[in-house]
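Asks: Enclosed is the structure file input_3.cif (mmCIF, C-alpha atoms and all ligand atoms).
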data_start
loop_
_atom_site.group_PDB
_atom_site.id
_atom_site.type_symbol
_atom_site.label_atom_id
_atom_site.label_comp_id
_atom_site.auth_asym_id
_atom_site.auth_seq_id
_atom_site.Cartn_x
_atom_site.Cartn_y
_atom_site.Cartn_z
ATOM 1 C CA MET A 162 61.031 -14.356 77.211
ATOM 2 C CA THR A 163 57.333 -13.627 76.748
ATOM 3 C CA SER A 164 55.797 -14.758 73.478
ATOM 4 C CA PRO A 165 55.366 -12.225 70.673
ATOM 5 C CA ARG A 166 52.065 -10.351 70.338
ATOM 6 C CA PHE A 167 51.405 -11.510 66.767
ATOM 7 C CA PRO A 168 52.825 -15.042 66.814
ATOM 8 C CA ASP A 169 51.160 -16.090 63.551
ATOM 9 C CA ASP A 170 52.580 -13.273 61.442
ATOM 10 C CA SER A 171 55.959 -13.015 59.766
ATOM 11 C CA LEU A 172 57.319 -9.594 58.920
ATOM 12 C CA THR A 173 59.835 -7.922 56.628
ATOM 13 C CA VAL A 174 60.893 -4.428 57.678
ATOM 14 C CA PHE A 175 62.861 -2.576 55.055
ATOM 15 C CA PHE A 176 64.554 0.798 54.828
ATOM 16 C CA PRO A 177 65.391 2.577 51.561
ATOM 17 C CA MET A 178 68.670 4.313 52.330
ATOM 18 C CA TYR A 179 70.699 6.812 50.429
ATOM 19 C CA ASN A 180 73.708 8.295 52.228
ATOM 20 C CA GLU A 181 72.368 7.585 55.718
ATOM 21 C CA GLU A 182 75.679 6.699 57.420
ATOM 22 C CA GLU A 183 74.613 8.471 60.607
ATOM 23 C CA ASN A 184 71.190 6.812 60.737
ATOM 24 C CA VAL A 185 71.591 3.279 59.406
ATOM 25 C CA GLU A 186 72.813 1.699 62.607
ATOM 26 C CA GLY A 187 70.189 3.428 64.788
ATOM 27 C CA SER A 188 67.400 2.399 62.422
ATOM 28 C CA VAL A 189 68.464 -1.252 62.354
ATOM 29 C CA ARG A 190 69.130 -1.447 66.107
ATOM 30 C CA LYS A 191 65.687 -0.090 66.858
ATOM 31 C CA ALA A 192 64.161 -2.717 64.562
ATOM 32 C CA LEU A 193 66.119 -5.507 66.257
ATOM 33 C CA GLU A 194 64.965 -4.206 69.619
ATOM 34 C CA VAL A 195 61.214 -3.981 68.930
ATOM 35 C CA LEU A 196 60.447 -6.736 66.390
ATOM 36 C CA PRO A 197 60.993 -9.771 68.679
ATOM 37 C CA GLY A 198 58.183 -8.475 70.890
ATOM 38 C CA TRP A 199 55.723 -8.706 67.994
ATOM 39 C CA VAL A 200 56.649 -11.582 65.689
ATOM 40 C CA SER A 201 58.939 -14.579 65.972
ATOM 41 C CA ASN A 202 59.838 -14.621 62.315
ATOM 42 C CA PHE A 203 61.195 -11.402 60.830
ATOM 43 C CA GLU A 204 63.883 -9.907 58.641
ATOM 44 C CA VAL A 205 65.337 -6.407 58.487
ATOM 45 C CA LEU A 206 66.299 -5.387 54.998
ATOM 46 C CA ILE A 207 68.474 -2.423 54.102
ATOM 47 C CA VAL A 208 68.197 -1.228 50.524
ATOM 48 C CA ASP A 209 71.342 0.775 49.918
ATOM 49 C CA ASP A 210 70.610 2.885 46.882
ATOM 50 C CA GLY A 211 74.157 3.367 45.638
ATOM 51 C CA SER A 212 75.206 5.464 48.629
ATOM 52 C CA SER A 213 78.537 7.257 48.252
ATOM 53 C CA ASP A 214 79.175 7.599 52.004
ATOM 54 C CA SER A 215 79.873 4.712 54.410
ATOM 55 C CA THR A 216 76.252 3.457 54.485
ATOM 56 C CA PRO A 217 77.149 0.327 52.425
ATOM 57 C CA GLN A 218 79.990 -0.712 54.750
ATOM 58 C CA ILE A 219 77.960 -0.130 57.910
ATOM 59 C CA ALA A 220 75.026 -2.040 56.413
ATOM 60 C CA ASP A 221 77.255 -4.991 55.475
ATOM 61 C CA ARG A 222 78.696 -5.095 58.980
ATOM 62 C CA LEU A 223 75.223 -5.102 60.534
ATOM 63 C CA ALA A 224 74.227 -7.970 58.251
ATOM 64 C CA GLN A 225 77.333 -9.889 59.268
ATOM 65 C CA ASP A 226 76.647 -9.364 62.969
ATOM 66 C CA HIS A 227 72.921 -10.153 62.894
ATOM 67 C CA PRO A 228 71.432 -13.111 61.021
ATOM 68 C CA GLN A 229 68.061 -11.335 60.664
ATOM 69 C CA VAL A 230 69.612 -8.393 58.788
ATOM 70 C CA ARG A 231 70.028 -8.452 54.998
ATOM 71 C CA VAL A 232 71.353 -5.849 52.595
ATOM 72 C CA VAL A 233 70.650 -5.264 48.934
ATOM 73 C CA HIS A 234 72.953 -2.800 47.178
ATOM 74 C CA HIS A 235 72.179 -0.845 44.060
ATOM 75 C CA PRO A 236 75.511 -0.365 42.260
ATOM 76 C CA VAL A 237 74.486 3.209 41.402
ATOM 77 C CA ASN A 238 71.900 5.588 42.814
ATOM 78 C CA GLN A 239 68.528 4.894 41.191
ATOM 79 C CA GLY A 240 66.087 6.937 43.250
ATOM 80 C CA TYR A 241 63.680 6.487 46.139
ATOM 81 C CA GLY A 242 61.026 4.664 44.110
ATOM 82 C CA ALA A 243 63.534 2.219 42.657
ATOM 83 C CA ALA A 244 64.805 1.471 46.156
ATOM 84 C CA VAL A 245 61.295 0.832 47.472
ATOM 85 C CA ARG A 246 60.608 -1.444 44.486
ATOM 86 C CA THR A 247 63.747 -3.421 45.276
ATOM 87 C CA GLY A 248 62.601 -3.730 48.897
ATOM 88 C CA ILE A 249 59.167 -4.976 47.842
ATOM 89 C CA GLU A 250 60.667 -7.476 45.395
ATOM 90 C CA SER A 251 63.200 -8.776 47.924
ATOM 91 C CA ALA A 252 60.848 -9.028 50.905
ATOM 92 C CA ALA A 253 60.365 -12.645 51.969
ATOM 93 C CA MET A 254 57.801 -12.494 54.789
ATOM 94 C CA ASP A 255 53.973 -12.416 54.711
ATOM 95 C CA LEU A 256 53.744 -8.854 55.991
ATOM 96 C CA VAL A 257 55.920 -6.112 54.553
ATOM 97 C CA PHE A 258 56.590 -2.774 56.211
ATOM 98 C CA PHE A 259 58.790 0.061 55.091
ATOM 99 C CA THR A 260 59.834 3.371 56.507
ATOM 100 C CA ASP A 261 62.550 5.917 55.840
ATOM 101 C CA GLY A 262 66.024 5.246 57.105
ATOM 102 C CA ASP A 263 66.433 8.650 58.688
ATOM 103 C CA LEU A 264 64.774 8.133 62.072
ATOM 104 C CA GLN A 265 61.938 10.608 61.431
ATOM 105 C CA PHE A 266 59.443 8.046 62.748
ATOM 106 C CA ASP A 267 59.275 5.975 65.927
ATOM 107 C CA LEU A 268 59.391 2.330 64.879
ATOM 108 C CA SER A 269 57.603 1.383 68.130
ATOM 109 C CA GLU A 270 54.463 2.732 66.468
ATOM 110 C CA LEU A 271 54.533 -0.062 63.905
ATOM 111 C CA GLU A 272 52.622 -1.923 66.617
ATOM 112 C CA LEU A 273 49.630 0.369 65.919
ATOM 113 C CA LEU A 274 49.684 -0.753 62.281
ATOM 114 C CA LEU A 275 50.032 -4.434 63.180
ATOM 115 C CA ASP A 276 46.954 -4.023 65.389
ATOM 116 C CA ARG A 277 44.935 -2.956 62.345
ATOM 117 C CA ILE A 278 46.163 -5.335 59.630
ATOM 118 C CA GLU A 279 44.007 -8.244 60.762
ATOM 119 C CA ASP A 280 40.986 -7.033 58.782
ATOM 120 C CA ALA A 281 42.895 -4.995 56.190
ATOM 121 C CA ASP A 282 45.367 -5.427 53.342
ATOM 122 C CA VAL A 283 47.258 -2.193 53.860
ATOM 123 C CA VAL A 284 47.699 0.037 56.896
ATOM 124 C CA CYS A 285 49.119 3.492 56.137
ATOM 125 C CA GLY A 286 50.448 5.903 58.665
ATOM 126 C CA TYR A 287 49.611 9.571 58.414
ATOM 127 C CA ARG A 288 51.654 12.186 60.201
ATOM 128 C CA LEU A 289 49.724 13.662 63.131
ATOM 129 C CA LYS A 290 52.014 16.684 63.106
ATOM 130 C CA ARG A 291 54.648 16.754 60.449
ATOM 131 C CA ARG A 292 58.025 18.000 61.698
ATOM 132 C CA ASP A 293 59.526 19.395 58.526
ATOM 133 C CA PRO A 294 60.186 22.891 57.169
ATOM 134 C CA LEU A 295 57.113 24.936 56.230
ATOM 135 C CA HIS A 296 57.613 24.670 52.478
ATOM 136 C CA ARG A 297 57.451 20.865 52.823
ATOM 137 C CA LEU A 298 54.061 21.104 54.499
ATOM 138 C CA LEU A 299 52.809 23.249 51.640
ATOM 139 C CA ASN A 300 54.248 20.860 49.029
ATOM 140 C CA ALA A 301 52.567 17.921 50.737
ATOM 141 C CA PHE A 302 49.231 19.711 51.008
ATOM 142 C CA LEU A 303 49.285 20.509 47.295
ATOM 143 C CA TRP A 304 50.463 17.014 46.267
ATOM 144 C CA ASN A 305 47.760 15.288 48.310
ATOM 145 C CA ARG A 306 45.085 17.564 46.747
ATOM 146 C CA LEU A 307 46.484 17.062 43.254
ATOM 147 C CA VAL A 308 46.475 13.276 43.368
ATOM 148 C CA ARG A 309 43.004 13.296 44.889
ATOM 149 C CA ILE A 310 41.680 15.409 42.014
ATOM 150 C CA LEU A 311 43.725 13.832 39.238
ATOM 151 C CA LEU A 312 43.608 10.173 40.248
ATOM 152 C CA GLY A 313 40.877 9.951 42.867
ATOM 153 C CA LEU A 314 43.274 8.743 45.553
ATOM 154 C CA ARG A 315 41.532 8.796 48.921
ATOM 155 C CA ILE A 316 44.463 8.863 51.343
ATOM 156 C CA ARG A 317 45.352 11.682 53.721
ATOM 157 C CA ASP A 318 49.129 11.613 53.571
ATOM 158 C CA VAL A 319 50.265 9.520 50.645
ATOM 159 C CA ASN A 320 53.985 10.214 51.129
ATOM 160 C CA CYS A 321 54.042 9.221 54.779
ATOM 161 C CA ALA A 322 56.784 6.593 54.753
ATOM 162 C CA PHE A 323 55.239 4.347 57.384
ATOM 163 C CA LYS A 324 53.200 1.661 55.652
ATOM 164 C CA LEU A 325 52.368 -1.996 56.261
ATOM 165 C CA PHE A 326 51.142 -4.391 53.558
ATOM 166 C CA ARG A 327 50.183 -7.972 53.082
ATOM 167 C CA ARG A 328 52.750 -9.283 50.640
ATOM 168 C CA SER A 329 49.967 -11.079 48.741
ATOM 169 C CA VAL A 330 48.357 -7.742 47.771
ATOM 170 C CA LEU A 331 51.705 -6.267 46.768
ATOM 171 C CA ALA A 332 52.227 -9.214 44.453
ATOM 172 C CA ASN A 333 48.826 -8.454 42.967
ATOM 173 C CA VAL A 334 49.466 -4.859 41.860
ATOM 174 C CA GLY A 335 51.715 -5.848 38.989
ATOM 175 C CA LYS A 336 54.784 -4.027 37.867
ATOM 176 C CA LEU A 337 55.575 -0.705 39.495
ATOM 177 C CA GLU A 338 57.258 1.764 37.201
ATOM 178 C CA THR A 339 58.203 4.834 39.193
ATOM 179 C CA ASP A 340 61.873 5.422 40.022
ATOM 180 C CA GLY A 341 61.368 8.630 41.928
ATOM 181 C CA ALA A 342 59.311 9.961 44.804
ATOM 182 C CA MET A 343 56.013 9.337 42.963
ATOM 183 C CA LEU A 344 56.315 5.637 43.868
ATOM 184 C CA SER A 345 54.078 5.933 46.946
ATOM 185 C CA THR A 346 51.332 7.536 44.866
ATOM 186 C CA GLU A 347 51.615 4.902 42.123
ATOM 187 C CA LEU A 348 51.563 2.071 44.635
ATOM 188 C CA MET A 349 48.612 3.396 46.622
ATOM 189 C CA ILE A 350 46.452 4.209 43.600
ATOM 190 C CA LYS A 351 47.104 0.766 42.136
ATOM 191 C CA LEU A 352 46.167 -0.859 45.442
ATOM 192 C CA GLN A 353 43.033 1.281 45.696
ATOM 193 C CA ASN A 354 42.073 0.400 42.113
ATOM 194 C CA LYS A 355 42.478 -3.300 42.933
ATOM 195 C CA GLY A 356 40.032 -2.899 45.801
ATOM 196 C CA ALA A 357 42.593 -3.414 48.571
ATOM 197 C CA ARG A 358 41.241 -2.733 52.063
ATOM 198 C CA ILE A 359 43.223 0.303 53.180
ATOM 199 C CA ARG A 360 43.209 1.622 56.749
ATOM 200 C CA GLU A 361 44.956 4.717 58.096
ATOM 201 C CA VAL A 362 46.562 5.293 61.479
ATOM 202 C CA GLY A 363 48.016 8.523 62.900
ATOM 203 C CA VAL A 364 51.712 8.359 63.798
ATOM 204 C CA HIS A 365 54.212 10.802 65.260
ATOM 205 C CA HIS A 366 56.909 12.462 63.211
ATOM 206 C CA TYR A 367 60.241 13.915 64.309
ATOM 207 C CA PRO A 368 62.862 16.214 62.826
ATOM 208 C CA ARG A 369 65.630 14.431 60.953
ATOM 209 C CA PRO A 370 68.425 13.889 63.547
ATOM 210 C CA ALA A 371 71.328 13.792 61.089
ATOM 211 C CA GLY A 372 72.190 13.771 57.420
ATOM 212 C CA GLU A 373 70.651 15.652 54.593
ATOM 213 C CA GLN A 374 67.033 15.841 53.560
ATOM 214 C CA THR A 375 66.749 15.432 49.795
ATOM 215 C CA GLY A 376 63.012 14.770 49.521
ATOM 216 C CA ALA A 377 62.260 18.279 48.237
ATOM 217 C CA ASN A 378 65.258 18.973 46.043
ATOM 218 C CA PRO A 379 63.977 20.679 42.894
ATOM 219 C CA GLY A 380 65.147 17.683 40.841
ATOM 220 C CA VAL A 381 63.195 15.252 43.041
ATOM 221 C CA VAL A 382 60.008 17.330 42.885
ATOM 222 C CA LEU A 383 60.267 17.882 39.130
ATOM 223 C CA LYS A 384 60.793 14.192 38.513
ATOM 224 C CA ALA A 385 57.748 13.349 40.672
ATOM 225 C CA PHE A 386 55.600 15.696 38.558
ATOM 226 C CA ARG A 387 56.984 14.275 35.325
ATOM 227 C CA GLU A 388 56.247 10.744 36.509
ATOM 228 C CA LEU A 389 52.777 11.759 37.716
ATOM 229 C CA PHE A 390 51.722 13.336 34.433
ATOM 230 C CA ALA A 391 53.264 10.550 32.373
ATOM 231 C CA MET A 392 51.189 7.986 34.251
ATOM 232 C CA SER A 393 48.057 9.831 35.313
ATOM 233 C CA HIS A 394 45.951 9.033 32.253
ATOM 234 C CA ARG A 395 46.654 5.326 32.514
ATOM 235 C CA LEU A 396 46.269 5.180 36.281
ATOM 236 C CA ARG A 397 42.931 7.003 36.121
ATOM 237 C CA ASN A 398 41.497 4.657 33.539
ATOM 238 C CA GLU A 399 42.753 1.415 35.027
ATOM 239 C CA VAL A 400 39.689 0.376 37.004
ATOM 240 C CA ARG A 401 36.936 2.356 38.719
HETATM 241 N N1 LIG A 501 66.789 5.154 47.371
HETATM 242 C C1 LIG A 501 66.900 6.424 47.565
HETATM 243 N N2 LIG A 501 66.537 6.831 48.704
HETATM 244 C C2 LIG A 501 66.632 8.086 48.895
HETATM 245 C C3 LIG A 501 67.125 8.989 47.943
HETATM 246 N N3 LIG A 501 67.080 10.161 48.489
HETATM 247 C C4 LIG A 501 66.598 9.969 49.739
HETATM 248 N N4 LIG A 501 66.364 8.694 49.980
HETATM 249 C C5 LIG A 501 65.867 8.026 51.179
HETATM 250 O O1 LIG A 501 64.501 8.287 51.272
HETATM 251 C C6 LIG A 501 64.153 8.572 52.606
HETATM 252 C C7 LIG A 501 63.560 9.952 52.697
HETATM 253 O O2 LIG A 501 64.504 10.891 52.303
HETATM 254 P P1 LIG A 501 64.506 12.327 52.881
HETATM 255 O O3 LIG A 501 65.570 13.083 52.180
HETATM 256 O O4 LIG A 501 64.560 12.322 54.367
HETATM 257 O O5 LIG A 501 63.105 12.837 52.394
HETATM 258 P P2 LIG A 501 62.011 13.623 53.189
HETATM 259 O O6 LIG A 501 61.910 13.092 54.566
HETATM 260 O O7 LIG A 501 60.797 13.423 52.352
HETATM 261 O O8 LIG A 501 62.514 15.005 53.118
HETATM 262 C C8 LIG A 501 65.419 8.378 53.426
HETATM 263 O O9 LIG A 501 65.406 7.064 53.952
HETATM 264 C C9 LIG A 501 66.523 8.532 52.410
HETATM 265 O O10 LIG A 501 67.665 7.771 52.748
HETATM 266 C C10 LIG A 501 67.547 8.477 46.698
HETATM 267 O O11 LIG A 501 68.004 9.129 45.783
HETATM 268 N N5 LIG A 501 67.409 7.171 46.585
HETATM 269 MG MG MG A 502 63.165 12.337 55.894
#
Go ahead and express the file in the form of structure tokens.
Ligand SMILES: Nc1nc2c(ncn2[C@@H]2O[C@H](COP(=O)(O)OP(=O)(O)O)[C@@H](O)[C@H]2O)c(=O)[nH]1
Ligand SMILES: [Mg+2]

Replies:
Amino acid sequence: MTSPRFPDDSLTVFFPMYNEEENVEGSVRKALEVLPGWVSNFEVLIVDDGSSDSTPQIADRLAQDHPQVRVVHHPVNQGYGAAVRTGIESAAMDLVFFTDGDLQFDLSELELLLDRIEDADVVCGYRLKRRDPLHRLLNAFLWNRLVRILLGLRIRDVNCAFKLFRRSVLANVGKLETDGAMLSTELMIKLQNKGARIREVGVHHYPRPAGEQTGANPGVVLKAFRELFAMSHRLRNEVR
């Protein structure tokens, strides 16, 4: 076997998953296929956010079959942000990457992020062409503008779930509070306020192959706005 491209790095890849029974195995298999080419030391972490389908059983089986795979279960559904926080807290390696567990990204493109982390603390993907329904594109456009105006966040596509971090800078941001979809905004603004070196890389995006998209349910969007307004004053005044 040829040696990995980034032999000095160790990497945690985690997936927040809620009712992804059709996508969990594909996501993990892809990770097990590509990661050995990049790093010798890695773990694949599934955060099962209280799924009510067979995601937990499939995840447990994958962990049993593959020593590099770990699962953390939330006993009840707590929300996307809570699942990402659990992933960040559980990650054991020096580099931490997360993406959605619904196969809307090509994990092979994590290599583009690894290429850029050498002189950065965070490498964020942005979707070159987002493959979601039109109303999602509008939502995203408005959200990105809003957080730029309200918080001064200078990132193109804050909710692009394809991000790589040095674990040391994640440890430095302190406690994250968001349970819902606002987590990415909270995390990125806190990193920006701490002076983290943030780079951005364009990545491809694909339609969800199976399962249900819940990212724009009215409840999810409302909660994100509630969390944004509850925190915006504090976040704005933190540093800068
Ligand atoms: N932890 C958690 N994850 C969720 C929840 N809803 C969706 N997800 C996960 O978050 C990711 C994105 O969800 P998705 O519905 O595809 O959102 P979208 O792509 O923004 O429309 C997927 O990996 C889901 O499994 C939830 O309530 N809790
Ligand atoms: Mg999705």

Asks: Around ligand LIG 501 (chain A), out to 8 Å and counting all atoms listed in the file, which residues are there? I want them as a ChimeraX atom specification.

Replies: /A:176-181,208-211,238-245,260-263,265,293,297,320,322,341,369,373-377

Asks: Run the PyMOL selection byres (((chain A and resi 246-249) around 9) and not hetatm) against the file shown and list the residues it catches, as a CSV table (one decimal) with C-alpha atoms, keeping the file's coordinate frame.

Replies:
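Output (selection34.csv):
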chain,number,residue,atom,x,y,z
A,174,VAL,CA,60.9,-4.4,57.7
A,175,PHE,CA,62.9,-2.6,55.1
A,176,PHE,CA,64.6,0.8,54.8
A,177,PRO,CA,65.4,2.6,51.6
A,206,LEU,CA,66.3,-5.4,55.0
A,207,ILE,CA,68.5,-2.4,54.1
A,208,VAL,CA,68.2,-1.2,50.5
A,233,VAL,CA,70.6,-5.3,48.9
A,235,HIS,CA,72.2,-0.8,44.1
A,241,TYR,CA,63.7,6.5,46.1
A,242,GLY,CA,61.0,4.7,44.1
A,243,ALA,CA,63.5,2.2,42.7
A,244,ALA,CA,64.8,1.5,46.2
A,245,VAL,CA,61.3,0.8,47.5
A,250,GLU,CA,60.7,-7.5,45.4
A,251,SER,CA,63.2,-8.8,47.9
A,252,ALA,CA,60.8,-9.0,50.9
A,253,ALA,CA,60.4,-12.6,52.0
A,257,VAL,CA,55.9,-6.1,54.6
A,259,PHE,CA,58.8,0.1,55.1
A,328,ARG,CA,52.8,-9.3,50.6
A,331,LEU,CA,51.7,-6.3,46.8
A,332,ALA,CA,52.2,-9.2,44.5
A,337,LEU,CA,55.6,-0.7,39.5
A,338,GLU,CA,57.3,1.8,37.2
A,339,THR,CA,58.2,4.8,39.2
A,340,ASP,CA,61.9,5.4,40.0
A,344,LEU,CA,56.3,5.6,43.9

Asks: Point out the residue among A:Lys324, A:Met343, A:Val284, A:Leu275 with the least atom-to-atom distance to Asn305 (chain A), counting all atoms listed in the file.

Replies: A:Met343

Asks: To one decimal place, how far is CA of Val205 (chain A) from CA of Asp276 (chain A) in Å?

Replies: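 Value for the CA of Val205 (chain A)-CA of Asp276 (chain A) distance: 19.8 Å.
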
Asks: Once you add 5 Å to each side, what are the centre and edge lengths of the axis-aligned box holding all listed atoms of region 347-352 of chain A? One decimal in Å, as JSON, if you can.

Replies:
{"center_x": 48.9, "center_y": 2.0, "center_z": 44.4, "size_x": 15.4, "size_y": 15.8, "size_z": 14.5}

Asks: Will you model N, CA and C atoms for region 266-283 of chain A and pass it back as a PDB file, keeping the file's coordinate frame?

Replies:
ATOM      1  N   PHE A 266      60.607   8.686  62.137  1.00  0.00           N
ATOM      2  CA  PHE A 266      59.443   8.046  62.748  1.00  0.00           C
ATOM      3  C   PHE A 266      59.912   7.228  63.939  1.00  0.00           C
ATOM      4  N   ASP A 267      58.960   6.841  64.798  1.00  0.00           N
ATOM      5  CA  ASP A 267      59.275   5.975  65.927  1.00  0.00           C
ATOM      6  C   ASP A 267      58.802   4.568  65.567  1.00  0.00           C
ATOM      7  N   LEU A 268      59.746   3.672  65.340  1.00  0.00           N
ATOM      8  CA  LEU A 268      59.391   2.330  64.879  1.00  0.00           C
ATOM      9  C   LEU A 268      58.489   1.589  65.877  1.00  0.00           C
ATOM     10  N   SER A 269      58.511   2.004  67.153  1.00  0.00           N
ATOM     11  CA  SER A 269      57.603   1.383  68.130  1.00  0.00           C
ATOM     12  C   SER A 269      56.153   1.482  67.666  1.00  0.00           C
ATOM     13  N   GLU A 270      55.851   2.526  66.882  1.00  0.00           N
ATOM     14  CA  GLU A 270      54.463   2.732  66.468  1.00  0.00           C
ATOM     15  C   GLU A 270      54.016   1.791  65.345  1.00  0.00           C
ATOM     16  N   LEU A 271      54.944   0.995  64.840  1.00  0.00           N
ATOM     17  CA  LEU A 271      54.533  -0.062  63.905  1.00  0.00           C
ATOM     18  C   LEU A 271      53.516  -0.998  64.580  1.00  0.00           C
ATOM     19  N   GLU A 272      53.581  -1.086  65.884  1.00  0.00           N
ATOM     20  CA  GLU A 272      52.622  -1.923  66.617  1.00  0.00           C
ATOM     21  C   GLU A 272      51.173  -1.473  66.350  1.00  0.00           C
ATOM     22  N   LEU A 273      50.976  -0.153  66.201  1.00  0.00           N
ATOM     23  CA  LEU A 273      49.630   0.369  65.919  1.00  0.00           C
ATOM     24  C   LEU A 273      49.125  -0.124  64.565  1.00  0.00           C
ATOM     25  N   LEU A 274      50.054  -0.277  63.618  1.00  0.00           N
ATOM     26  CA  LEU A 274      49.684  -0.753  62.281  1.00  0.00           C
ATOM     27  C   LEU A 274      49.402  -2.258  62.321  1.00  0.00           C
ATOM     28  N   LEU A 275      50.244  -2.983  63.060  1.00  0.00           N
ATOM     29  CA  LEU A 275      50.032  -4.434  63.180  1.00  0.00           C
ATOM     30  C   LEU A 275      48.668  -4.727  63.823  1.00  0.00           C
ATOM     31  N   ASP A 276      48.264  -3.862  64.749  1.00  0.00           N
ATOM     32  CA  ASP A 276      46.954  -4.023  65.389  1.00  0.00           C
ATOM     33  C   ASP A 276      45.808  -3.944  64.393  1.00  0.00           C
ATOM     34  N   ARG A 277      46.031  -3.207  63.285  1.00  0.00           N
ATOM     35  CA  ARG A 277      44.935  -2.956  62.345  1.00  0.00           C
ATOM     36  C   ARG A 277      44.962  -3.839  61.111  1.00  0.00           C
ATOM     37  N   ILE A 278      46.024  -4.606  60.901  1.00  0.00           N
ATOM     38  CA  ILE A 278      46.163  -5.335  59.630  1.00  0.00           C
ATOM     39  C   ILE A 278      45.261  -6.570  59.580  1.00  0.00           C
ATOM     40  N   GLU A 279      44.772  -6.995  60.727  1.00  0.00           N
ATOM     41  CA  GLU A 279      44.007  -8.244  60.762  1.00  0.00           C
ATOM     42  C   GLU A 279      42.844  -8.232  59.768  1.00  0.00           C
ATOM     43  N   ASP A 280      42.114  -7.104  59.722  1.00  0.00           N
ATOM     44  CA  ASP A 280      40.986  -7.033  58.782  1.00  0.00           C
ATOM     45  C   ASP A 280      41.268  -6.027  57.653  1.00  0.00           C
ATOM     46  N   ALA A 281      42.530  -5.920  57.267  1.00  0.00           N
ATOM     47  CA  ALA A 281      42.895  -4.995  56.190  1.00  0.00           C
ATOM     48  C   ALA A 281      44.004  -5.613  55.341  1.00  0.00           C
ATOM     49  N   ASP A 282      44.251  -4.996  54.187  1.00  0.00           N
ATOM     50  CA  ASP A 282      45.367  -5.427  53.342  1.00  0.00           C
ATOM     51  C   ASP A 282      46.550  -4.486  53.466  1.00  0.00           C
ATOM     52  N   VAL A 283      46.231  -3.227  53.770  1.00  0.00           N
ATOM     53  CA  VAL A 283      47.258  -2.193  53.860  1.00  0.00           C
ATOM     54  C   VAL A 283      46.909  -1.297  55.044  1.00  0.00           C
TER      55      VAL A 283
END
